[in-house]
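Written out below as structure tokens is the structure these notes cover.
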Amino acid sequence: MKLYDVTDLAVRNLRESAFRNSLTTIGIAVGVASLVAMLSLGIGLQQLASRRLQKSGLFDTVVATSRRDLRNFREQREDGPPPANSPALDEGARQKIEHLPGVVEAYPDIRFVTEVRFEDKPHLTMVAGVPFSAKNNNDAFDGMQGSFFSSEAVPEVILQRSFAEELLGITPKPGADSTNIAELAKPLLGKELTMRYAERTELPSSVEAAGGAAYSVVSRQQVLKIVGVTDLDPESMRGAARARVFLPLKLAQSLHVMQPSDTRDPSFSGAPTYPSISVRVKDPNQVPAVEDEIKKMGFGAFSIVDATRSMRQFFAVLDVFLGIFGSLALAVASIGIVNTLVMAILERRREIGIMKALGASDSDVRGLFFAEAGAMGLIGGAVGVALGWTIGRIINFGTNIYLERQHFPPAQIWSVPAWLVLGAIGFSIVVSLLSGLYPAARAARLDPVQALRYE
Amino acid sequence: MDGSSQSSLAIRTENVCRHYQMGQALVRAVDGISIDIRAGEFVALLGASGSGKSSLLNLVAGLDRPTSGAVIVQGNNLAALSREELAKYRLHAVGMVFQSFNLIPSMTLLENVELPMRFAEVDRHEREELARQSLARVGLGERLAHRPMELSGGEQQRASLARALINRPKLLLADEPTGNLDSRTGSEIMELIHSFNQSLGMTVLMVTHEQALAEKYAGRMAHLADGKLIDDLPNASASARPGGAL
Ligand SMILES: Nc1ncnc2c1ncn2[C@@H]1O[C@H](COP(=O)(O)OP(=O)(O)OP(=O)(O)O)[C@@H](O)[C@H]1O
Ligand SMILES: [Mg+2]
């Protein structure tokens, strides 16, 4: 029989006992839906986790430092040129690093301890410059109160939660629920604070000739507007050196704030150097290569080893388990197919006998039952994917309502990639065809003489 | 497989047996029947209920295989054919009609008549035209879209005849085609079968209970009893009918 006729007859037969076949197909759909929901949850969680890890900057950042600071240490710990001959970590070095393959951006770490006045009360804290790109790739700024800096060099600040608490005079009791971040931010957003800092200014060359320091230090202050309060720590990798007040990096650079490294290099008179440069790499896998390149240039470099590898392994195992549980429902559904088709054989005994008497071959009859199983698999698979997709959406929606109540940023914990859609439908068809094997063989072997004997 | 030397021989059975083992008992449904039927003959199989008429017909139809002996149709020994080859044989070489019509209830008449052409992989457009013609020939040209249940018994049997002939077989096997019909409708069917026998030169092997019908239409009457051929006579009265009824 031609493929058209096989499908045509199969669809007719499915419609003949539409109710029963619909129930069977719904069974398959539920099985596929559970499989899709389970796997999409696994994939979604995996994507969420790797996004978080990537945005934490833990695994795609290399920190480059100047080895000149090491010159006072006797022992030569690392290979490369002796510290005294190592190049300066200045703007030229930054640009060279930024042009290394695999590097997305390289920006100087500008950080200093200084006094910040708010409502005439002084507070001492670490201040750091934040590159404008952090808006999109540091998730500490994703769910924060207020907004990110309006442009690259505006006099605006973002405060870390603990500093906001300090400004408001709140001391969180250990064990007690922390204050709601939204309430914390409300009285602060839009207010101004004044930052005092020491500016490093170059001296005219005549003075330099007289010997001694080539620069002088002038005390200045800068008024800054509070635009945001973040709950998460944007500098989780910094440990104790974490800053609690964040300025736009361009602004911080233009202030020429006196850096700790300046005092350690009193003879240095050229362009200002950076204590360290943060290098963001496109792909965590490229981190070791970039680190090597930076070391070859004569700088120190360090990074945190890629932990995503073990995470991916964990999720692979999780996906297998979720897949097995999801497939259980499909396995039950496949028994439904066997049952339905065996019943259809009993019901259509006479019809099969007639078709054989008219000249239908075993393979014609077998093909017909196969096609019916396959069609139920196809329809069940498609409906199941839609159902699973909906279930996933609902779970995602519910989770996000919960997250919002707990004042967490929304998260996409569920994902249905195209391969999952096609794979699930394909899997459903394969399972259905396997279920159709026995009924089809039984129908093909039916003895027409027996089937046609009068009841 | 070469039938040229006996080109006039349509069916030959050689001591054919079909036995059923029923627990301890052995049922000899067909028990050593040898019969030759020439091409174009109209043979009636007569006998009491349970005498083995249907069993013999099924063997000739290739629906069943003999326990022993041979069934040779148009030079082909059916016992030597594979299941697949037997299906091809049924598809192209024989047309069958049954007492209970055996139309598929979920299909319209047109679809029922088209069905054997689906198995024969006839082109879709071609086969619809052929099915229309075939139904028109048995007087059902206006009932194409009707389902079997909407038709009288006689109309159903005519549709079933149209279906049996759709792949142009040389052999028509009929198992009590008038058994479920009143005598007037039965005669209509017999006239149709007779006309196919006369005009198309089709060989007809027909099982019937009714001696009178056999005498009126058949050229030869074979009597069975307990699976054995007890009587095989040419029909004097039928040969007296010149050129058939139509
Ligand atoms: N599958 C079977 N198993 C056991 N016995 C069978 C089987 N098929 C037929 N028989 C027996 O074989 C014998 C012949 O049956 P068959 O149907 O050929 O008779 P028949 O002449 O066509 O009768 P009827 O006129 O009632 O149709 C009967 O005794 C029947 O019981
Ligand atoms: Mg019978």
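A note on labels: chains of the structure tokens are A, B, ... as shown, every chain counts residues from 1, and ligands are counted from 1 in their shown order.
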
For Arg12 of chain B, work out the shell of residues within 6 Å, counting only C-alpha atoms and skipping chain neighbours fewer than 4 positions away, then give it as a list of chain:residue names.
-> B:Ile35, B:Asp36, B:Ile72

Could you give me the residues within 9 Å of ligand 1, counting only C-alpha atoms and all ligand atoms, as a PyMOL selection string?
-> (chain A and resi 449-450+453-454) or (chain B and resi 18-22+26-30+46-58+175-176+207-209+224-227)

Convert the current residue selection to file output with N, CA, C and O atoms, as a tab-separated table (two decimals), in the first residue's frame.
```tsv
chain	number	residue	atom	x	y	z
A	449	VAL	N	-9.80	-16.74	7.55
A	449	VAL	CA	-10.92	-17.69	7.56
A	449	VAL	C	-11.65	-17.63	8.90
A	449	VAL	O	-12.87	-17.57	8.97
A	450	GLN	N	-10.84	-17.61	9.97
A	450	GLN	CA	-11.43	-17.51	11.32
A	450	GLN	C	-12.18	-16.19	11.48
A	450	GLN	O	-13.27	-16.13	12.04
A	453	ARG	N	-15.62	-16.16	9.68
A	453	ARG	CA	-16.68	-17.13	10.03
A	453	ARG	C	-17.85	-16.38	10.66
A	453	ARG	O	-17.67	-15.46	11.42
A	454	TYR	N	-19.02	-16.81	10.31
A	454	TYR	CA	-20.22	-16.12	10.83
A	454	TYR	C	-20.29	-16.27	12.33
A	454	TYR	O	-20.01	-17.32	12.87
B	18	ARG	N	-8.53	-30.79	3.99
B	18	ARG	CA	-8.38	-29.77	5.04
B	18	ARG	C	-8.98	-30.36	6.30
B	18	ARG	O	-10.19	-30.54	6.40
B	19	HIS	N	-8.09	-30.71	7.24
B	19	HIS	CA	-8.53	-31.35	8.49
B	19	HIS	C	-8.36	-30.39	9.65
B	19	HIS	O	-7.39	-29.62	9.68
B	20	TYR	N	-9.27	-30.43	10.56
B	20	TYR	CA	-9.15	-29.64	11.79
B	20	TYR	C	-9.00	-30.58	12.97
B	20	TYR	O	-9.78	-31.53	13.11
B	21	GLN	N	-8.03	-30.32	13.80
B	21	GLN	CA	-7.87	-31.11	15.02
B	21	GLN	C	-8.65	-30.42	16.13
B	21	GLN	O	-8.33	-29.29	16.52
B	22	MET	N	-9.72	-31.06	16.59
B	22	MET	CA	-10.51	-30.46	17.67
B	22	MET	C	-10.32	-31.33	18.91
B	22	MET	O	-11.07	-32.28	19.14
B	26	LEU	N	-10.77	-35.48	15.04
B	26	LEU	CA	-10.25	-34.91	13.81
B	26	LEU	C	-11.45	-34.62	12.90
B	26	LEU	O	-12.20	-35.52	12.53
B	27	VAL	N	-11.63	-33.32	12.57
B	27	VAL	CA	-12.73	-32.96	11.67
B	27	VAL	C	-12.20	-32.90	10.25
B	27	VAL	O	-11.31	-32.10	9.95
B	28	ARG	N	-12.75	-33.75	9.40
B	28	ARG	CA	-12.32	-33.76	8.00
B	28	ARG	C	-13.25	-32.87	7.19
B	28	ARG	O	-14.20	-33.35	6.58
B	29	ALA	N	-12.97	-31.54	7.23
B	29	ALA	CA	-13.85	-30.58	6.56
B	29	ALA	C	-13.81	-30.79	5.04
B	29	ALA	O	-14.83	-30.78	4.37
B	30	VAL	N	-12.60	-30.97	4.52
B	30	VAL	CA	-12.42	-31.34	3.11
B	30	VAL	C	-11.58	-32.61	3.12
B	30	VAL	O	-10.53	-32.65	3.74
B	46	LEU	N	-22.83	-27.72	-4.17
B	46	LEU	CA	-24.03	-27.98	-3.37
B	46	LEU	C	-23.70	-28.96	-2.26
B	46	LEU	O	-22.72	-29.71	-2.34
B	47	GLY	N	-24.53	-28.98	-1.23
B	47	GLY	CA	-24.32	-29.93	-0.15
B	47	GLY	C	-24.95	-29.45	1.13
B	47	GLY	O	-25.28	-28.26	1.26
B	48	ALA	N	-25.12	-30.38	2.04
B	48	ALA	CA	-25.75	-30.05	3.31
B	48	ALA	C	-24.84	-29.12	4.11
B	48	ALA	O	-23.64	-29.00	3.82
B	49	SER	N	-25.40	-28.51	5.13
B	49	SER	CA	-24.60	-27.66	6.01
B	49	SER	C	-23.52	-28.49	6.68
B	49	SER	O	-23.78	-29.61	7.15
B	50	GLY	N	-22.32	-27.98	6.68
B	50	GLY	CA	-21.21	-28.70	7.30
B	50	GLY	C	-20.56	-29.70	6.38
B	50	GLY	O	-19.68	-30.45	6.78
B	51	SER	N	-20.95	-29.71	5.12
B	51	SER	CA	-20.39	-30.70	4.20
B	51	SER	C	-19.01	-30.29	3.68
B	51	SER	O	-18.35	-31.08	3.00
B	52	GLY	N	-18.59	-29.05	3.93
B	52	GLY	CA	-17.24	-28.63	3.56
B	52	GLY	C	-17.18	-27.69	2.36
B	52	GLY	O	-16.11	-27.46	1.79
B	53	LYS	N	-18.33	-27.11	1.98
B	53	LYS	CA	-18.37	-26.25	0.79
B	53	LYS	C	-17.50	-25.00	0.99
B	53	LYS	O	-16.65	-24.68	0.15
B	54	SER	N	-17.72	-24.32	2.12
B	54	SER	CA	-16.95	-23.09	2.37
B	54	SER	C	-15.48	-23.41	2.52
B	54	SER	O	-14.62	-22.66	2.04
B	55	SER	N	-15.19	-24.52	3.18
B	55	SER	CA	-13.79	-24.89	3.38
B	55	SER	C	-13.08	-25.07	2.05
B	55	SER	O	-11.96	-24.60	1.85
B	56	LEU	N	-13.75	-25.74	1.10
B	56	LEU	CA	-13.15	-25.95	-0.22
B	56	LEU	C	-12.96	-24.61	-0.94
B	56	LEU	O	-11.91	-24.35	-1.54
B	57	LEU	N	-13.99	-23.77	-0.83
B	57	LEU	CA	-13.93	-22.47	-1.50
B	57	LEU	C	-12.76	-21.63	-0.97
B	57	LEU	O	-12.04	-20.98	-1.74
B	58	ASN	N	-12.57	-21.68	0.36
B	58	ASN	CA	-11.48	-20.91	0.97
B	58	ASN	C	-10.11	-21.41	0.51
B	58	ASN	O	-9.17	-20.62	0.39
B	175	ASP	N	-19.71	-17.37	-1.96
B	175	ASP	CA	-20.16	-18.28	-0.90
B	175	ASP	C	-21.59	-17.89	-0.49
B	175	ASP	O	-21.79	-16.97	0.28
B	176	GLU	N	-22.55	-18.61	-1.04
B	176	GLU	CA	-23.98	-18.36	-0.80
B	176	GLU	C	-24.32	-16.88	-0.98
B	176	GLU	O	-24.78	-16.23	-0.04
B	207	VAL	N	-20.99	-21.39	-4.09
B	207	VAL	CA	-21.58	-22.28	-3.10
B	207	VAL	C	-23.03	-21.87	-2.93
B	207	VAL	O	-23.35	-20.68	-2.83
B	208	THR	N	-23.92	-22.86	-2.93
B	208	THR	CA	-25.32	-22.52	-2.67
B	208	THR	C	-26.07	-23.68	-2.03
B	208	THR	O	-25.68	-24.85	-2.16
B	209	HIS	N	-27.12	-23.33	-1.31
B	209	HIS	CA	-28.01	-24.32	-0.74
B	209	HIS	C	-29.12	-24.67	-1.71
B	209	HIS	O	-29.75	-25.71	-1.60
B	224	LEU	N	-21.30	-32.07	-2.45
B	224	LEU	CA	-20.38	-32.52	-1.40
B	224	LEU	C	-21.18	-33.14	-0.27
B	224	LEU	O	-22.31	-32.75	0.01
B	225	ALA	N	-20.55	-34.10	0.41
B	225	ALA	CA	-21.09	-34.65	1.65
B	225	ALA	C	-19.92	-35.11	2.51
B	225	ALA	O	-19.04	-35.81	2.01
B	226	ASP	N	-19.89	-34.64	3.75
B	226	ASP	CA	-18.82	-35.01	4.69
B	226	ASP	C	-17.42	-34.77	4.11
B	226	ASP	O	-16.53	-35.61	4.26
B	227	GLY	N	-17.28	-33.69	3.40
B	227	GLY	CA	-15.96	-33.33	2.88
B	227	GLY	C	-15.58	-34.07	1.61
B	227	GLY	O	-14.45	-33.94	1.14
```

With distances taken over only C-alpha atoms, which of B:Thr13, B:Asn77, B:Ser237, B:Ser100 is nearest to chain A?
->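 Among the listed residues, B:Ser100 lies closest to chain A.
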
Enumerate as a PyMOL selection string all residues of segment 1-155 of chain B assigned to alpha helix (DSSP H) by DSSP on the backbone, naming them with the chain letters and numbers the document uses.
-> chain B and resi 53-61+83-92+109-119+124-137+153-155

Could you dump the residues just selected with N, CA and C atoms as a CSV table (one decimal), in the first residue's frame?
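The file below, part-v1.csv, is the result:
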```csv
chain,number,residue,atom,x,y,z
B,53,LYS,N,-18.3,-27.1,2.0
B,53,LYS,CA,-18.4,-26.3,0.8
B,53,LYS,C,-17.5,-25.0,1.0
B,54,SER,N,-17.7,-24.3,2.1
B,54,SER,CA,-17.0,-23.1,2.4
B,54,SER,C,-15.5,-23.4,2.5
B,55,SER,N,-15.2,-24.5,3.2
B,55,SER,CA,-13.8,-24.9,3.4
B,55,SER,C,-13.1,-25.1,2.0
B,56,LEU,N,-13.7,-25.7,1.1
B,56,LEU,CA,-13.2,-26.0,-0.2
B,56,LEU,C,-13.0,-24.6,-0.9
B,57,LEU,N,-14.0,-23.8,-0.8
B,57,LEU,CA,-13.9,-22.5,-1.5
B,57,LEU,C,-12.8,-21.6,-1.0
B,58,ASN,N,-12.6,-21.7,0.4
B,58,ASN,CA,-11.5,-20.9,1.0
B,58,ASN,C,-10.1,-21.4,0.5
B,59,LEU,N,-10.0,-22.7,0.3
B,59,LEU,CA,-8.8,-23.3,-0.2
B,59,LEU,C,-8.5,-22.7,-1.6
B,60,VAL,N,-9.5,-22.7,-2.5
B,60,VAL,CA,-9.3,-22.2,-3.8
B,60,VAL,C,-9.0,-20.7,-3.8
B,61,ALA,N,-9.6,-20.0,-2.8
B,61,ALA,CA,-9.4,-18.6,-2.7
B,61,ALA,C,-8.0,-18.2,-2.2
B,83,ARG,N,3.2,-16.4,2.0
B,83,ARG,CA,2.0,-15.6,2.5
B,83,ARG,C,1.8,-14.3,1.6
B,84,GLU,N,3.0,-13.7,1.3
B,84,GLU,CA,2.9,-12.5,0.5
B,84,GLU,C,2.4,-12.7,-0.9
B,85,GLU,N,2.9,-13.9,-1.5
B,85,GLU,CA,2.4,-14.2,-2.8
B,85,GLU,C,0.9,-14.6,-2.9
B,86,LEU,N,0.5,-15.2,-1.8
B,86,LEU,CA,-0.9,-15.6,-1.7
B,86,LEU,C,-1.8,-14.3,-1.6
B,87,ALA,N,-1.3,-13.3,-0.9
B,87,ALA,CA,-2.0,-12.0,-0.8
B,87,ALA,C,-2.2,-11.4,-2.2
B,88,LYS,N,-1.1,-11.5,-3.0
B,88,LYS,CA,-1.1,-10.9,-4.4
B,88,LYS,C,-2.0,-11.7,-5.2
B,89,TYR,N,-2.0,-13.0,-5.0
B,89,TYR,CA,-3.0,-13.9,-5.8
B,89,TYR,C,-4.4,-13.5,-5.5
B,90,ARG,N,-4.7,-13.3,-4.2
B,90,ARG,CA,-6.1,-12.9,-3.8
B,90,ARG,C,-6.5,-11.6,-4.4
B,91,LEU,N,-5.4,-10.7,-4.4
B,91,LEU,CA,-5.7,-9.3,-4.9
B,91,LEU,C,-6.0,-9.3,-6.4
B,92,HIS,N,-5.3,-10.1,-7.2
B,92,HIS,CA,-5.4,-9.9,-8.6
B,92,HIS,C,-6.2,-11.0,-9.3
B,109,LEU,N,-19.9,3.4,-0.2
B,109,LEU,CA,-19.8,2.4,-1.2
B,109,LEU,C,-18.6,2.6,-2.1
B,110,LEU,N,-18.4,3.9,-2.5
B,110,LEU,CA,-17.3,4.2,-3.4
B,110,LEU,C,-16.0,3.8,-2.7
B,111,GLU,N,-15.8,4.1,-1.4
B,111,GLU,CA,-14.6,3.8,-0.7
B,111,GLU,C,-14.4,2.3,-0.5
B,112,ASN,N,-15.6,1.6,-0.3
B,112,ASN,CA,-15.5,0.1,-0.3
B,112,ASN,C,-15.0,-0.5,-1.5
B,113,VAL,N,-15.5,0.0,-2.7
B,113,VAL,CA,-15.1,-0.5,-4.0
B,113,VAL,C,-13.7,-0.1,-4.3
B,114,GLU,N,-13.2,1.0,-3.8
B,114,GLU,CA,-11.9,1.5,-4.1
B,114,GLU,C,-10.8,0.7,-3.3
B,115,LEU,N,-11.3,0.1,-2.1
B,115,LEU,CA,-10.3,-0.5,-1.2
B,115,LEU,C,-9.3,-1.5,-1.8
B,116,PRO,N,-9.8,-2.5,-2.6
B,116,PRO,CA,-8.8,-3.4,-3.2
B,116,PRO,C,-7.8,-2.7,-4.1
B,117,MET,N,-8.2,-1.6,-4.7
B,117,MET,CA,-7.2,-0.8,-5.6
B,117,MET,C,-6.2,-0.1,-4.7
B,118,ARG,N,-6.5,0.2,-3.5
B,118,ARG,CA,-5.5,0.8,-2.6
B,118,ARG,C,-4.4,-0.3,-2.4
B,119,PHE,N,-4.9,-1.5,-2.1
B,119,PHE,CA,-3.8,-2.6,-1.9
B,119,PHE,C,-3.1,-2.8,-3.2
B,124,ARG,N,-4.6,7.3,-7.3
B,124,ARG,CA,-5.8,7.8,-6.6
B,124,ARG,C,-6.9,8.2,-7.5
B,125,HIS,N,-6.6,9.0,-8.6
B,125,HIS,CA,-7.6,9.6,-9.4
B,125,HIS,C,-8.2,8.5,-10.3
B,126,GLU,N,-7.3,7.7,-10.8
B,126,GLU,CA,-7.7,6.6,-11.7
B,126,GLU,C,-8.7,5.7,-11.0
B,127,ARG,N,-8.4,5.4,-9.7
B,127,ARG,CA,-9.3,4.3,-9.0
B,127,ARG,C,-10.6,4.9,-8.7
B,128,GLU,N,-10.7,6.2,-8.5
B,128,GLU,CA,-12.1,6.7,-8.2
B,128,GLU,C,-13.0,6.6,-9.4
B,129,GLU,N,-12.4,6.8,-10.6
B,129,GLU,CA,-13.1,6.7,-11.8
B,129,GLU,C,-13.5,5.2,-12.1
B,130,LEU,N,-12.6,4.3,-11.8
B,130,LEU,CA,-12.9,2.9,-12.0
B,130,LEU,C,-14.0,2.4,-11.1
B,131,ALA,N,-13.9,2.9,-9.8
B,131,ALA,CA,-14.9,2.5,-8.8
B,131,ALA,C,-16.3,3.0,-9.2
B,132,ARG,N,-16.4,4.3,-9.7
B,132,ARG,CA,-17.6,4.8,-10.2
B,132,ARG,C,-18.2,3.9,-11.3
B,133,GLN,N,-17.4,3.6,-12.3
B,133,GLN,CA,-17.9,2.8,-13.4
B,133,GLN,C,-18.4,1.4,-12.9
B,134,SER,N,-17.6,0.9,-12.0
B,134,SER,CA,-18.0,-0.5,-11.5
B,134,SER,C,-19.3,-0.4,-10.8
B,135,LEU,N,-19.5,0.6,-10.0
B,135,LEU,CA,-20.8,0.7,-9.2
B,135,LEU,C,-21.9,1.0,-10.2
B,136,ALA,N,-21.6,1.8,-11.2
B,136,ALA,CA,-22.7,2.1,-12.2
B,136,ALA,C,-23.1,0.8,-12.9
B,137,ARG,N,-22.2,-0.1,-13.2
B,137,ARG,CA,-22.5,-1.3,-13.9
B,137,ARG,C,-23.4,-2.2,-13.1
B,153,GLY,N,-30.3,-5.3,1.4
B,153,GLY,CA,-29.4,-6.4,1.2
B,153,GLY,C,-29.0,-6.6,-0.2
B,154,GLY,N,-29.9,-6.5,-1.1
B,154,GLY,CA,-29.6,-6.7,-2.5
B,154,GLY,C,-28.6,-5.7,-3.0
B,155,GLU,N,-28.9,-4.5,-2.6
B,155,GLU,CA,-27.9,-3.4,-3.0
B,155,GLU,C,-26.5,-3.6,-2.5
```

Provide as a PDB file with all heavy atoms, in the first residue's frame the residues of chain A at most 6 Å from chain B, counting only C-alpha atoms.
```
ATOM      1  N   MET A   1       0.840  -1.193   0.000  1.00  0.00           N
ATOM      2  CA  MET A   1       0.000   0.000   0.000  1.00  0.00           C
ATOM      3  C   MET A   1       0.881   1.251   0.000  1.00  0.00           C
ATOM      4  O   MET A   1       1.943   1.255   0.596  1.00  0.00           O
ATOM      5  CB  MET A   1      -0.883   0.016   1.243  1.00  0.00           C
ATOM      6  CG  MET A   1      -2.335   0.171   0.872  1.00  0.00           C
ATOM      7  SD  MET A   1      -3.448   0.440   2.239  1.00  0.00           S
ATOM      8  CE  MET A   1      -2.836  -0.563   3.555  1.00  0.00           C
ATOM      9  N   LEU A 358      -9.702  -9.500   0.411  1.00  0.00           N
ATOM     10  CA  LEU A 358      -9.652  -8.652  -0.779  1.00  0.00           C
ATOM     11  C   LEU A 358      -8.235  -8.548  -1.337  1.00  0.00           C
ATOM     12  O   LEU A 358      -8.056  -7.995  -2.414  1.00  0.00           O
ATOM     13  CB  LEU A 358     -10.159  -7.251  -0.452  1.00  0.00           C
ATOM     14  CG  LEU A 358     -11.631  -7.128  -0.068  1.00  0.00           C
ATOM     15  CD1 LEU A 358     -11.962  -5.697   0.264  1.00  0.00           C
ATOM     16  CD2 LEU A 358     -12.515  -7.649  -1.197  1.00  0.00           C
ATOM     17  N   GLY A 359      -7.244  -9.046  -0.594  1.00  0.00           N
ATOM     18  CA  GLY A 359      -5.887  -9.043  -1.129  1.00  0.00           C
ATOM     19  C   GLY A 359      -4.883  -8.228  -0.344  1.00  0.00           C
ATOM     20  O   GLY A 359      -3.775  -8.006  -0.814  1.00  0.00           O
ATOM     21  N   ALA A 360      -5.282  -7.731   0.860  1.00  0.00           N
ATOM     22  CA  ALA A 360      -4.310  -7.002   1.684  1.00  0.00           C
ATOM     23  C   ALA A 360      -3.244  -7.978   2.165  1.00  0.00           C
ATOM     24  O   ALA A 360      -3.565  -9.082   2.600  1.00  0.00           O
ATOM     25  CB  ALA A 360      -5.006  -6.355   2.875  1.00  0.00           C
ATOM     26  N   SER A 361      -1.977  -7.586   2.076  1.00  0.00           N
ATOM     27  CA  SER A 361      -0.905  -8.462   2.540  1.00  0.00           C
ATOM     28  C   SER A 361      -0.686  -8.250   4.032  1.00  0.00           C
ATOM     29  O   SER A 361      -1.211  -7.302   4.617  1.00  0.00           O
ATOM     30  CB  SER A 361       0.380  -8.148   1.779  1.00  0.00           C
ATOM     31  OG  SER A 361       0.800  -6.845   2.098  1.00  0.00           O
TER      32      SER A 361
END
```

For Val127 of chain A, find every residue with an atom within 9 Å (counting only C-alpha atoms), except residues of its own chain fewer than 2 positions away, and show them as a compact mmCIF listing (two decimals) with C-alpha atoms, in the first residue's frame.
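selection.txt written:
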```
# COMPACT_ATOMS: atom_id res chain seq x y z
CA ILE A 110 40.12 52.04 41.21
CA ARG A 111 39.43 51.76 44.90
CA PHE A 112 40.31 53.79 47.88
CA VAL A 113 39.30 54.24 51.49
CA THR A 114 37.83 57.61 52.17
CA THR A 125 34.40 53.24 53.76
CA GLY A 129 34.77 52.42 40.44
CA ARG A 242 35.00 44.71 49.15
CA ALA A 243 33.78 48.22 48.57
CA ARG A 244 30.45 49.45 49.86
CA VAL A 245 30.13 52.60 47.76
CA PHE A 246 30.26 52.42 43.98
CA LEU A 247 31.02 55.22 41.53
```

Would you return as an MDAnalysis selection string the members of segment 40-151 of chain B that DSSP assigns to strand (DSSP E) on this structure's backbone?
-> chainID B and resid 42:47 68:73 76:77 94:98

Skipping near chain neighbours, those fewer than 3 positions away, what residues fall within 10 Å of segment 420-428 of chain A using only C-alpha atoms, listed as a ChimeraX atom specification?
-> /A:28-29,31-33,35-36,39-40,43,327,330-331,333-334,374,376-386,388-389,415-417,431-434

Expressed in Å to a single decimal, how great is the separation between atom CA of Ile37 of chain B and atom CA of Ile189 of chain B?
-> 22.3 Å

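Using only C-alpha atoms, the residues found no farther than 12 Å from Arg117 of chain A, other than those of its own chain fewer than 2 positions away, are Thr114, Glu115, Glu119, Asp120, Lys121, Pro122, His123, Leu124, Thr125, Glu166, Leu167, Lys191, Glu192, Leu193, Thr194, Met195, Arg196, Tyr197, Gln221, Gln222, Val223 and Leu224 of chain A.
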
Could you save those same residues with N, CA and C atoms as a compact mmCIF listing (two decimals), in the first residue's frame?
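New file part22.txt:
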```txt
# COMPACT_ATOMS: atom_id res chain seq x y z
N THR A 114 37.98 56.18 51.97
CA THR A 114 37.83 57.61 52.17
C THR A 114 36.63 57.92 53.05
N GLU A 115 36.44 59.22 53.27
CA GLU A 115 35.36 59.63 54.17
C GLU A 115 34.17 60.08 53.34
N GLU A 119 24.25 63.71 55.68
CA GLU A 119 23.55 64.50 56.70
C GLU A 119 24.52 64.91 57.81
N ASP A 120 25.72 65.38 57.35
CA ASP A 120 26.73 65.93 58.24
C ASP A 120 27.39 64.93 59.16
N LYS A 121 27.13 63.63 58.93
CA LYS A 121 27.84 62.65 59.73
C LYS A 121 28.87 61.95 58.86
N PRO A 122 30.13 61.84 59.32
CA PRO A 122 31.16 61.20 58.50
C PRO A 122 31.11 59.67 58.63
N HIS A 123 31.36 59.02 57.50
CA HIS A 123 31.46 57.55 57.51
C HIS A 123 32.69 57.17 56.72
N LEU A 124 33.48 56.25 57.24
CA LEU A 124 34.68 55.81 56.54
C LEU A 124 34.37 54.51 55.79
N THR A 125 34.73 54.46 54.52
CA THR A 125 34.40 53.24 53.76
C THR A 125 35.30 53.07 52.56
N GLU A 166 24.13 51.56 57.55
CA GLU A 166 24.99 52.39 58.39
C GLU A 166 24.56 53.85 58.31
N LEU A 167 24.26 54.32 57.07
CA LEU A 167 23.85 55.72 56.89
C LEU A 167 22.57 56.02 57.66
N LYS A 191 18.82 61.29 47.40
CA LYS A 191 19.56 62.15 48.34
C LYS A 191 21.01 62.31 47.88
N GLU A 192 21.68 63.26 48.47
CA GLU A 192 23.07 63.48 48.09
C GLU A 192 23.99 63.15 49.25
N LEU A 193 25.19 62.75 48.91
CA LEU A 193 26.22 62.63 49.95
C LEU A 193 27.52 63.23 49.42
N THR A 194 28.36 63.60 50.34
CA THR A 194 29.59 64.29 49.96
C THR A 194 30.78 63.38 50.24
N MET A 195 31.61 63.20 49.21
CA MET A 195 32.78 62.36 49.39
C MET A 195 34.02 63.24 49.44
N ARG A 196 34.79 63.10 50.51
CA ARG A 196 36.08 63.79 50.59
C ARG A 196 37.14 62.86 50.09
N TYR A 197 38.11 63.40 49.34
CA TYR A 197 39.17 62.53 48.84
C TYR A 197 40.44 63.33 48.61
N GLN A 221 36.48 67.71 47.62
CA GLN A 221 35.25 66.95 47.87
C GLN A 221 34.34 66.95 46.66
N GLN A 222 33.49 65.92 46.62
CA GLN A 222 32.63 65.72 45.44
C GLN A 222 31.24 65.35 45.95
N VAL A 223 30.24 66.07 45.44
CA VAL A 223 28.86 65.76 45.82
C VAL A 223 28.33 64.68 44.88
N LEU A 224 27.71 63.63 45.47
CA LEU A 224 27.21 62.50 44.67
C LEU A 224 25.76 62.23 45.00
```

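Interatomic distance, atom CA of Leu45 of chain A to atom CA of Trp414 of chain A: 6.5 Å.
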
What is the distance, in Å and to one decimal place, between atom CA of Thr340 of chain A and atom CA of Ser22 of chain A?
->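 For atom CA of Thr340 of chain A relative to atom CA of Ser22 of chain A, the distance reads 10.4 Å.
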
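Closest approach to ligand 2 among B:Met149, B:Ala218, B:Ala159, B:Leu45 is made by B:Leu45 (distances from only C-alpha atoms and all ligand atoms).
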
For Arg445 of chain A, work out the shell of residues within 12 Å, counting only C-alpha atoms and skipping chain neighbours fewer than 4 positions away, then give it as a VMD selection string.
-> (chain A and resid 345 349 352 to 353 356 360 to 366 438 to 441 449 to 451) or (chain B and resid 83 to 84)
